[in-house]
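Student: Following this message is one structure expressed as structure tokens.
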Amino acid sequence: MSECIQLSFAVCRIGIYTCFRALCCKGPPPPRPEYDLVCIGLTGSGKTSLLSQLCSESPDNIVSTTGFNIKAVPFQNAILNVKELGGADNIRKYWSRYYQGSQGVIFVLDSASSEDDLETARNELHSALQHPQLCTLPFLILANHQDKPAARSIQEIKKYFELEPLARGKRWILKPCSLDDMDAVKDSFSLLINLLEERDFEPSRM
């Protein structure tokens, strides 16, 4: 009888030790991958507001970016180090100086802007899609301000920006967005992260 009690006690000790090791010796979770992105778009397109909301920053202190600004945007499966470039006329000509090292591109456009601004945005997007340092990277194109009455639909934006013929063979995502629906914005960024992860597993090109 005493042998049975001793055996049961030994088994119990082994079980406790196993549970203790499982809880205390598991180690920290693996670090989330980090990706360096560049975010471009005209002044007023809403780049700063979107990024600030993703970082849970107060909307009261948002000021348009005049040079460049870097934010670490956390997601469950990745951290996006986003370099946001100002979109004023006198700054856009210097955008390409900040492209080096980018692993993906976020282009934000104002879907409710004037025809002139929309034409300028189209030209800037075309230039980015064809730039040697960006042309092979994944693009997330956000048609912002969808909550405004004058907003163009995604179909109108796709046709006007000639995305189908221009970006054929490239990896790009076009999504509507607004500050009123940040869940949809996060879903769009999750799709971009998927493209970035796929690019990680591509064989190196010689």
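Chain identifiers are assigned as A, B, and so on, following the order in which chains appear in the structure tokens; residues are numbered from 1 within each chain, and ligands are numbered from 1 in order of appearance.
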Skipping near chain neighbours, those fewer than 6 positions away, what residues fall within 9 Å of Ile91 of chain A using only C-alpha atoms, listed as a list in words?

Tutor: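 Counting only the stated atoms, we get Thr66, Gly67 and Leu85 of chain A.
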
Student: For the interface of segment 64-86 of chain A with segment 96-116 of chain A (cut-off 9 Å, counting only C-alpha atoms), please tabulate each contacting residue of segment 64-86 of chain A alongside its nearest pair of atoms and their separation in Å to one decimal, rows sorted by chain and increasing number, as a tab-separated table.

Tutor:
```
residue	atom	partner	partner_atom	distance
A:Val82	CA	A:Ile106	CA	8.7
A:Lys83	CA	A:Tyr98	CA	8.4
A:Glu84	CA	A:Ile106	CA	8.9
A:Leu85	CA	A:Tyr98	CA	8.3
```

Student: List as JSON, numbers by chain the protein and nucleic acid residues near segment 176-190 of chain A, meaning an atom at most 8 Å away when only C-alpha atoms are counted, but skip any in the same chain fewer than 5 places from it.

Tutor: {"A": [49, 50, 53, 54, 140, 142, 143, 144, 145, 146, 147, 153, 154]}

Student: I'd like to know which of A:Ser58, A:Asn81, A:Gly41, A:Lys47 is closest to Ser127 of chain A, using only C-alpha atoms.

Tutor: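 Closest candidate: A:Gly41.
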
Student: Mind pulling up the distance from atom CA of Glu156 of chain A to atom CA of His131 of chain A?

Tutor: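 That distance, rounded to one decimal, is 24.4 Å.
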
Student: Pick out the closest residue to Leu125 of chain A from this set: A:Leu191, A:Leu80, A:Ile62, A:Leu163. Count only C-alpha atoms.

Tutor: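 For Leu125 of chain A, the nearest of the given residues is A:Leu163.
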
Student: Quick check, in Å to one decimal: how far apart do atom CA of Thr136 of chain A and atom CA of Lys170 of chain A lie?

Tutor: 6.8 Å

Student: If I take atom CA of Ala72 of chain A and atom CA of Thr120 of chain A, how far is one from the other in Å, to one decimal?

Tutor: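 Between atom CA of Ala72 of chain A and atom CA of Thr120 of chain A the gap is 28.4 Å.
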
Student: Just checking: using only C-alpha atoms, which residue out of A:Ile79, A:Ile141, A:Ile40, A:Leu174 ends up closest to Gln155 of chain A?

Tutor: A:Leu174

Student: Considering only C-alpha atoms, give me a table of residues in segment 14-95 of chain A that are at most 9 Å from segment 193-196 of chain A, with the closest atom pair and distance in Å for each, as JSON lines.

Tutor:
```
{"residue": "A:Tyr35", "atom": "CA", "partner": "A:Leu196", "partner_atom": "CA", "distance": 7.8}
{"residue": "A:Asn77", "atom": "CA", "partner": "A:Ile193", "partner_atom": "CA", "distance": 8.4}
{"residue": "A:Ala78", "atom": "CA", "partner": "A:Ile193", "partner_atom": "CA", "distance": 7.4}
{"residue": "A:Leu80", "atom": "CA", "partner": "A:Ile193", "partner_atom": "CA", "distance": 8.6}
```

Student: Write the residues of the selection above to a file with N, CA, C and O atoms, as an mmCIF file, in the first residue's frame.

Tutor:
```cif
data_model
loop_
_atom_site.group_PDB
_atom_site.id
_atom_site.type_symbol
_atom_site.label_atom_id
_atom_site.label_comp_id
_atom_site.auth_asym_id
_atom_site.auth_seq_id
_atom_site.Cartn_x
_atom_site.Cartn_y
_atom_site.Cartn_z
ATOM 1 N N TYR A 35 9.009 45.876 -41.212
ATOM 2 C CA TYR A 35 9.117 46.248 -42.623
ATOM 3 C C TYR A 35 9.212 47.773 -42.724
ATOM 4 O O TYR A 35 8.494 48.501 -42.033
ATOM 5 N N ASN A 77 0.917 40.806 -36.259
ATOM 6 C CA ASN A 77 1.917 39.929 -36.863
ATOM 7 C C ASN A 77 3.088 40.656 -37.493
ATOM 8 O O ASN A 77 3.936 40.041 -38.136
ATOM 9 N N ALA A 78 3.169 41.976 -37.321
ATOM 10 C CA ALA A 78 4.284 42.728 -37.909
ATOM 11 C C ALA A 78 4.314 44.146 -37.353
ATOM 12 O O ALA A 78 3.318 44.629 -36.797
ATOM 13 N N LEU A 80 5.247 47.941 -38.826
ATOM 14 C CA LEU A 80 5.531 48.693 -40.042
ATOM 15 C C LEU A 80 6.196 50.017 -39.669
ATOM 16 O O LEU A 80 5.607 50.852 -38.982
#
```

Student: Which of segment 61-201 of chain A end up as strand (DSSP E) when DSSP is run on this backbone - answer as a PyMOL selection string?

Tutor: chain A and resi 68-74+79-85+104-110+139-144+172-176

Student: For Phe139 of chain A, which residue out of A:Ser52, A:Cys39, A:Asp200, A:Glu124 is the nearest one, using only C-alpha atoms?

Tutor: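 Smallest distance to Phe139 of chain A is found for A:Cys39.
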
Student: For the alpha helix (DSSP H) assignment from backbone DSSP, which residues of segment 38-201 of chain A qualify? Please present them as an MDAnalysis selection string.

Tutor: chainID A and resid 47:54 89:92 115:130 154:160 163:166 182:200

Student: Calculated over only C-alpha atoms, which of the candidates A:Leu51, A:Glu34, A:Tyr160, A:Lys71 has the smallest distance to His126 of chain A?

Tutor: A:Tyr160
